[in-house]
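Here is the structure we will look at.
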Amino acid sequence: MVGEELTVTISDEELAAQAAPLVDELVADQVASKVAAQDPTLWGPDAESEASIRLSWTTLHKSSRPLIGEIEALREELRSEGVDRVVLAGMGGSSLAPEVIAATENVALTVLDTTDPGQVADALAGDLQRTVLVVSSKSGGTVETDSHRRIFAKAFADNGIEAARRIVVVTDPGSPLSELAEKEGYRKVFLADPHVGGRYSALTAFGLVPAGLAGADIARLLDQAAAAAQVLGADSADNPAVKLAAAWGAAHNAGAEKVVLADTGSGITGFADWAEQLIAESTGKLGTGLLPVAVDGPAAPGFADAGADATPVAIGPVTGAAKIATTGSLGAQFLLWEFATAIAGRLLKINPFDQPDVEAAKKAARSLLDDPSKLSGGETPSAVDDAVEIFAPAGVSGNGSLSDVLREFLATAPEGGYLAVQAYLDRLDDASAALLRPELAKRTGLQTTFGWGPRFLHSTGQYHKGGHQNGIFLQITGANEHDLDVPDRPYTLGQLQHAQALGDGQVLTERGRPVLRLHLTDRAAGLAELMRAVQEAE
């Protein structure tokens, strides 16, 4: 793998000069060694209670070692029974790290972090005779993951497969899921360290079990982290985590509250998607924070032409417009970015271990599911343009063509603000939706994020409500050609997906943020029409 040595390079001289006093301060205050020693006082008295039960990630390179043998034994057992297809049901911290590990090691892992009926149906259409389902939830009550479990359990039974033998659980001790697993007699339960938050859990059972069952070399991953741990815990100006946190802090102090992440040849696949949750959910609160913007590469709009409100960060060697670059193996990078994010939290004067605004959208979605009439027939679009129904926010007329409405909506963005594109669609069959990010970024000059819903609710959703309140939000929902019932629940997957979109939009609107929802009555035709409208809306 490129860049085995763990390094952080601040290539921009002005940023390096601004970061230098913060580096000196962090070294003098012995912050790195105190993080490594799990000192909960680093983030102030208000954060101490939470921090005291959220710092075990610093020693996972040691404490996760027993998992290696357990995972390998189960993998061999399953393979001896002809079961070699791994499907992971998990959201946020339960899915992002194992997806990166599996993709980087080029082993097959089907990840379900969606409520889109089409995407779940595609996973169901795989060879169930060869399938094991890993149900992964820290709380044990994640609604998306529980829905997947119910759907797959029924599918196994309908195909004459004993469901309990094909379900493996990863959860915290004492969670409702652990109790259910014991009652149902599921194949195996891995209890994760409860003193690690979801977004810091890459090297716990949440990251290692699904990837390891899929065939990834998790022993090597832990070795990589162990090699980095000593360096990252050192109170030195050369500590990569101290340098990275100080650069982020200095940039934020200068008005660059966004960090644009691009891979420049790291040898790691999809790392920015994992880092996105870590940074956004850890720092985006109390009206401050760092907004991560994941882009396709160093030539992408938003990175190559980043303005004063953003810092381009290369994952890999310094390239093009990058002001900061990080290199190292995957296990080392996981630990580096966790250390840096926690230290940045101290500089921003926030608690990097809580997520106070995440529950609001979940509560709103539950309220809608309790009253299904709000989900069907109760919505009237502002306008309809062929395959696109337009639901315009207050202050946007919404009665023109799609390109007119888009133009008016985009003009609501404040100077130095950002645009978040939120696609409640199938990230496989509707993958072309992701092309909207670079097109909109190029045409508006705004830093533009793209998230698949409801996946992003477990990632950047915290920042949207708790971070800098200068975002505008483009929601894209779509009609479902075929829906899926959720066994023993009064809603379908499609209804859950719709409730999640409306619920999040409702919360953002209540907080004074503009939300334009575009509903595609025909997904393929609607996406093509939307792309044309974006190009016309300049």
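Each chain in the structure tokens gets a letter, A, B and so on, in the order shown; residues start at 1 in every chain, and ligands are counted from 1 in the order they appear.
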
| task | Would you kindly return, as a ChimeraX atom specification, each protein, DNA or RNA residue with an atom no farther than 8 Å from any atom of stretch 521-533 of chain A, considering only C-alpha atoms and excluding same-chain residues fewer than 5 positions away? | result | /A:386-389,402-403,406,430,432-433,436,478-479

| request: Enumerate, as a list in words, the complete set of residues in stretch 155-210 of chain A that a backbone-based DSSP assignment places in strand (DSSP E). | output: Ile167, Val168, Val169, Val170, Thr171, Lys188, Val189, Phe190 and Leu191 of chain A

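Using only C-alpha atoms, the shortest contact distance between A:Ala234 and any of A:Val8, A:Ala36, A:Leu496, A:Ala47 is found at A:Ala36.
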
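Excluding A:Asp116 and any residue on its chain fewer than 2 positions from it, the residues at most 10 Å away by only C-alpha atoms are Leu112, Asp113, Thr114, Gly118, Gln119, Val120, Ala121, Tyr424, Leu425, Asp426, Arg427, Gly453, Pro454, Gly478, Asn480, Asp483, Leu484, Leu493, Gly494, Gln495, Leu496, Gln497 and His498 of chain A.
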
Given only C-alpha atoms, how would the per-residue table for stretch 320-372 of chain A near stretch 48-55 of chain A read, listing every residue at most 9 Å away with its closest atom pair and distance in Å to one decimal, sorted by chain and number, as a tab-separated table?
```
residue	atom	partner	partner_atom	distance
A:Asn351	CA	A:Ala51	CA	7.9
A:Pro352	CA	A:Ala51	CA	8.3
A:Phe353	CA	A:Ala51	CA	6.4
A:Asp354	CA	A:Glu50	CA	7.2
```

| message | Would you pick out the contacts of A:Gln462 at 6 Å or less, using only C-alpha atoms, so that residues sharing its chain but fewer than 4 positions from it are not included, and give the list as number ranges by chain? | response | A: 281, 357-358, 466

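Using only C-alpha atoms, the protein and nucleic acid residues lying no more than 12 Å from A:Pro487, apart from those fewer than 4 places from it along its own chain, are Asp146, Ser147, His148, Arg149, Arg150, Ile151, Phe152, Ala153, Lys154, Ala155, Tyr491, Thr492 and Leu493 of chain A.
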
| Given only C-alpha atoms as the counted atoms, nearest of A:Ala216, A:Ala537, A:Ala308, A:Val87 to A:Asn253 | A:Ala308

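With distances restricted to only C-alpha atoms, A:Leu348 is the closest residue to A:Leu42 from A:Leu348, A:Ala192, A:Ala108, A:Val83.
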
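The list of residues with at least one atom within 9 Å of A:Ala310, based on only C-alpha atoms and without residues fewer than 4 positions apart in the same chain, reads Ala251, His252, Gly255, Ala256, Glu257, Lys258, Val259, Val260, Leu291, Gly302, Phe303, Ala306 and Gln447 of chain A.
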
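The residue that comes closest to A:Ser11, out of A:Ala321, A:Val507, A:Val100, A:Val31 and on the basis of only C-alpha atoms, is A:Ala321.
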
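You can rank A:Ile390, A:Ala32, A:Val23, A:Val189 by their closest distance to A:Gly174 using only C-alpha atoms, and at the top of that list sits A:Val189.
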
Contacts of A:Ala365 at 8 Å or less, counting only C-alpha atoms, minus same-chain residues fewer than 2 places along, as a PDB file with N, CA, C and O atoms, in the first residue's frame?
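out.pdb written:
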```pdb
ATOM      1  N   ALA A 361     -34.432  14.319  14.140  1.00  0.00           N
ATOM      2  CA  ALA A 361     -34.959  13.801  12.873  1.00  0.00           C
ATOM      3  C   ALA A 361     -35.610  12.430  13.074  1.00  0.00           C
ATOM      4  O   ALA A 361     -36.632  12.117  12.454  1.00  0.00           O
ATOM      5  N   LYS A 362     -35.029  11.606  13.948  1.00  0.00           N
ATOM      6  CA  LYS A 362     -35.618  10.296  14.226  1.00  0.00           C
ATOM      7  C   LYS A 362     -37.002  10.454  14.857  1.00  0.00           C
ATOM      8  O   LYS A 362     -37.946   9.729  14.509  1.00  0.00           O
ATOM      9  N   LYS A 363     -37.118  11.392  15.784  1.00  0.00           N
ATOM     10  CA  LYS A 363     -38.393  11.639  16.453  1.00  0.00           C
ATOM     11  C   LYS A 363     -39.450  12.107  15.455  1.00  0.00           C
ATOM     12  O   LYS A 363     -40.602  11.660  15.496  1.00  0.00           O
ATOM     13  N   SER A 367     -42.963  10.177  14.380  1.00  0.00           N
ATOM     14  CA  SER A 367     -44.263  10.849  14.449  1.00  0.00           C
ATOM     15  C   SER A 367     -45.039  10.670  13.152  1.00  0.00           C
ATOM     16  O   SER A 367     -46.252  10.443  13.158  1.00  0.00           O
ATOM     17  N   LEU A 368     -44.347  10.753  12.025  1.00  0.00           N
ATOM     18  CA  LEU A 368     -44.999  10.572  10.722  1.00  0.00           C
ATOM     19  C   LEU A 368     -45.454   9.127  10.533  1.00  0.00           C
ATOM     20  O   LEU A 368     -46.529   8.871   9.990  1.00  0.00           O
ATOM     21  N   LEU A 369     -44.646   8.179  10.984  1.00  0.00           N
ATOM     22  CA  LEU A 369     -45.029   6.764  10.849  1.00  0.00           C
ATOM     23  C   LEU A 369     -46.244   6.442  11.719  1.00  0.00           C
ATOM     24  O   LEU A 369     -47.034   5.553  11.388  1.00  0.00           O
ATOM     25  N   LEU A 496     -41.173   4.040   5.439  1.00  0.00           N
ATOM     26  CA  LEU A 496     -40.109   4.435   6.373  1.00  0.00           C
ATOM     27  C   LEU A 496     -39.151   5.408   5.703  1.00  0.00           C
ATOM     28  O   LEU A 496     -38.788   6.448   6.283  1.00  0.00           O
ATOM     29  N   ALA A 499     -40.837   8.766   5.388  1.00  0.00           N
ATOM     30  CA  ALA A 499     -40.951   9.422   6.693  1.00  0.00           C
ATOM     31  C   ALA A 499     -39.613  10.003   7.125  1.00  0.00           C
ATOM     32  O   ALA A 499     -39.557  11.085   7.735  1.00  0.00           O
ATOM     33  N   GLN A 500     -38.521   9.299   6.819  1.00  0.00           N
ATOM     34  CA  GLN A 500     -37.200   9.804   7.207  1.00  0.00           C
ATOM     35  C   GLN A 500     -36.863  11.086   6.450  1.00  0.00           C
ATOM     36  O   GLN A 500     -36.309  12.028   7.015  1.00  0.00           O
ATOM     37  N   ALA A 501     -37.212  11.132   5.165  1.00  0.00           N
ATOM     38  CA  ALA A 501     -36.956  12.340   4.371  1.00  0.00           C
ATOM     39  C   ALA A 501     -37.785  13.511   4.883  1.00  0.00           C
ATOM     40  O   ALA A 501     -37.256  14.612   5.130  1.00  0.00           O
ATOM     41  N   LEU A 502     -39.077  13.275   5.054  1.00  0.00           N
ATOM     42  CA  LEU A 502     -39.955  14.356   5.517  1.00  0.00           C
ATOM     43  C   LEU A 502     -39.591  14.802   6.931  1.00  0.00           C
ATOM     44  O   LEU A 502     -39.622  15.997   7.248  1.00  0.00           O
ATOM     45  N   GLY A 503     -39.256  13.846   7.789  1.00  0.00           N
ATOM     46  CA  GLY A 503     -38.914  14.183   9.167  1.00  0.00           C
ATOM     47  C   GLY A 503     -37.676  15.050   9.249  1.00  0.00           C
ATOM     48  O   GLY A 503     -37.646  16.047   9.973  1.00  0.00           O
ATOM     49  N   ASP A 504     -36.644  14.697   8.497  1.00  0.00           N
ATOM     50  CA  ASP A 504     -35.426  15.492   8.520  1.00  0.00           C
ATOM     51  C   ASP A 504     -35.677  16.872   7.916  1.00  0.00           C
ATOM     52  O   ASP A 504     -35.207  17.889   8.447  1.00  0.00           O
TER      53      ASP A 504
END
```

| request: Would you list, as a ChimeraX atom specification, the residues of stretch 236-413 of chain A that end up in helix (DSSP H, G or I) under DSSP run on this structure's backbone? | output: /A:240-253,271-283,330-348,358-370,372-374,402-410

| request: Check the smallest atom-to-atom distance from each of A:Ser175, A:Ser236, A:Thr59, A:Asn106 to A:Ser201 using only C-alpha atoms, then report the winner. | output: A:Thr59

| Between atom CA of A:Ser137 and atom CA of A:Pro194, distance in Å (one decimal) | 11.6 Å

| note | Taken to one decimal, the atom CA of A:Phe334-atom CA of A:Ala434 distance is 25.3 Å
